[in-house]
Amino acid sequence: MLEHPNSEIMVPEVPNPEYGKNDGPVVKEIKKMVVLKILRPDRFIAAVKNFVTHVLGEKIMNTGDLDLMKIVDRET
């Protein structure tokens, strides 16, 4: 993961199946972003973009007057 050019998609899961077993998909993605922020802060923006796309969907990212990709780039 540390050397992968797209490490935001290579974040490992916790090996213990009991830890976080009740987490939903959004919580799991947030945990992955936290790990990535610690290990590869240079890939955090890409991870946030993936998270927003995953949670809100691709269509909402590029439609209307609200350009979420520009907001993510500007605010992070």
# chains A, B, ... in the order shown; residues from 1 in each chain; ligands from 1
>>> residues_around(residues="region 43-51 of chain A", least_positions_apart="4", cutoff="12 Å", atoms="only C-alpha atoms", output="PyMOL selection string")
chain A and resi 1-11+25-39+55-58+61-62+68-76
>>> write_last_selection(atoms="C-alpha atoms", output="PDB file, in the first residue's frame")
ATOM      1  CA  MET A   1       0.000   0.000   0.000  1.00  0.00           C
ATOM      2  CA  LEU A   2       2.726   2.486   0.876  1.00  0.00           C
ATOM      3  CA  GLU A   3       4.339   2.409  -2.571  1.00  0.00           C
ATOM      4  CA  HIS A   4       1.229   1.903  -4.697  1.00  0.00           C
ATOM      5  CA  PRO A   5       0.494   4.959  -6.906  1.00  0.00           C
ATOM      6  CA  ASN A   6      -3.244   4.660  -6.164  1.00  0.00           C
ATOM      7  CA  SER A   7      -2.979   3.670  -2.530  1.00  0.00           C
ATOM      8  CA  GLU A   8      -6.419   5.118  -1.747  1.00  0.00           C
ATOM      9  CA  ILE A   9      -7.912   1.979  -3.293  1.00  0.00           C
ATOM     10  CA  MET A  10      -5.474  -0.390  -1.581  1.00  0.00           C
ATOM     11  CA  VAL A  11      -6.221   0.321   2.117  1.00  0.00           C
ATOM     12  CA  PRO A  25     -20.279   0.793   4.439  1.00  0.00           C
ATOM     13  CA  VAL A  26     -19.927   4.538   5.105  1.00  0.00           C
ATOM     14  CA  VAL A  27     -18.190   3.971   8.447  1.00  0.00           C
ATOM     15  CA  LYS A  28     -15.831   1.469   6.828  1.00  0.00           C
ATOM     16  CA  GLU A  29     -14.908   4.019   4.159  1.00  0.00           C
ATOM     17  CA  ILE A  30     -14.290   6.693   6.804  1.00  0.00           C
ATOM     18  CA  LYS A  31     -11.982   4.325   8.683  1.00  0.00           C
ATOM     19  CA  LYS A  32     -10.074   3.657   5.464  1.00  0.00           C
ATOM     20  CA  MET A  33      -9.643   7.406   4.954  1.00  0.00           C
ATOM     21  CA  VAL A  34      -8.251   7.805   8.471  1.00  0.00           C
ATOM     22  CA  VAL A  35      -5.692   5.052   7.881  1.00  0.00           C
ATOM     23  CA  LEU A  36      -4.762   6.559   4.540  1.00  0.00           C
ATOM     24  CA  LYS A  37      -4.387  10.035   6.060  1.00  0.00           C
ATOM     25  CA  ILE A  38      -1.866   8.610   8.530  1.00  0.00           C
ATOM     26  CA  LEU A  39       0.099   6.436   6.089  1.00  0.00           C
ATOM     27  CA  VAL A  55     -21.519   7.843  -0.722  1.00  0.00           C
ATOM     28  CA  LEU A  56     -23.311  10.319  -2.999  1.00  0.00           C
ATOM     29  CA  GLY A  57     -22.850   8.666  -6.363  1.00  0.00           C
ATOM     30  CA  GLU A  58     -21.057   9.743  -9.534  1.00  0.00           C
ATOM     31  CA  MET A  61     -20.502  14.921  -8.239  1.00  0.00           C
ATOM     32  CA  ASN A  62     -20.729  16.626 -11.639  1.00  0.00           C
ATOM     33  CA  LEU A  68     -18.734  18.905  -5.373  1.00  0.00           C
ATOM     34  CA  MET A  69     -15.374  18.060  -6.914  1.00  0.00           C
ATOM     35  CA  LYS A  70     -14.341  21.731  -6.817  1.00  0.00           C
ATOM     36  CA  ILE A  71     -15.574  22.013  -3.231  1.00  0.00           C
ATOM     37  CA  VAL A  72     -13.614  18.932  -2.169  1.00  0.00           C
ATOM     38  CA  ASP A  73     -10.466  20.255  -3.865  1.00  0.00           C
ATOM     39  CA  ARG A  74     -10.859  23.706  -2.338  1.00  0.00           C
ATOM     40  CA  GLU A  75     -11.833  22.678   1.187  1.00  0.00           C
ATOM     41  CA  THR A  76      -9.341  19.867   1.688  1.00  0.00           C
TER      42      THR A  76
END
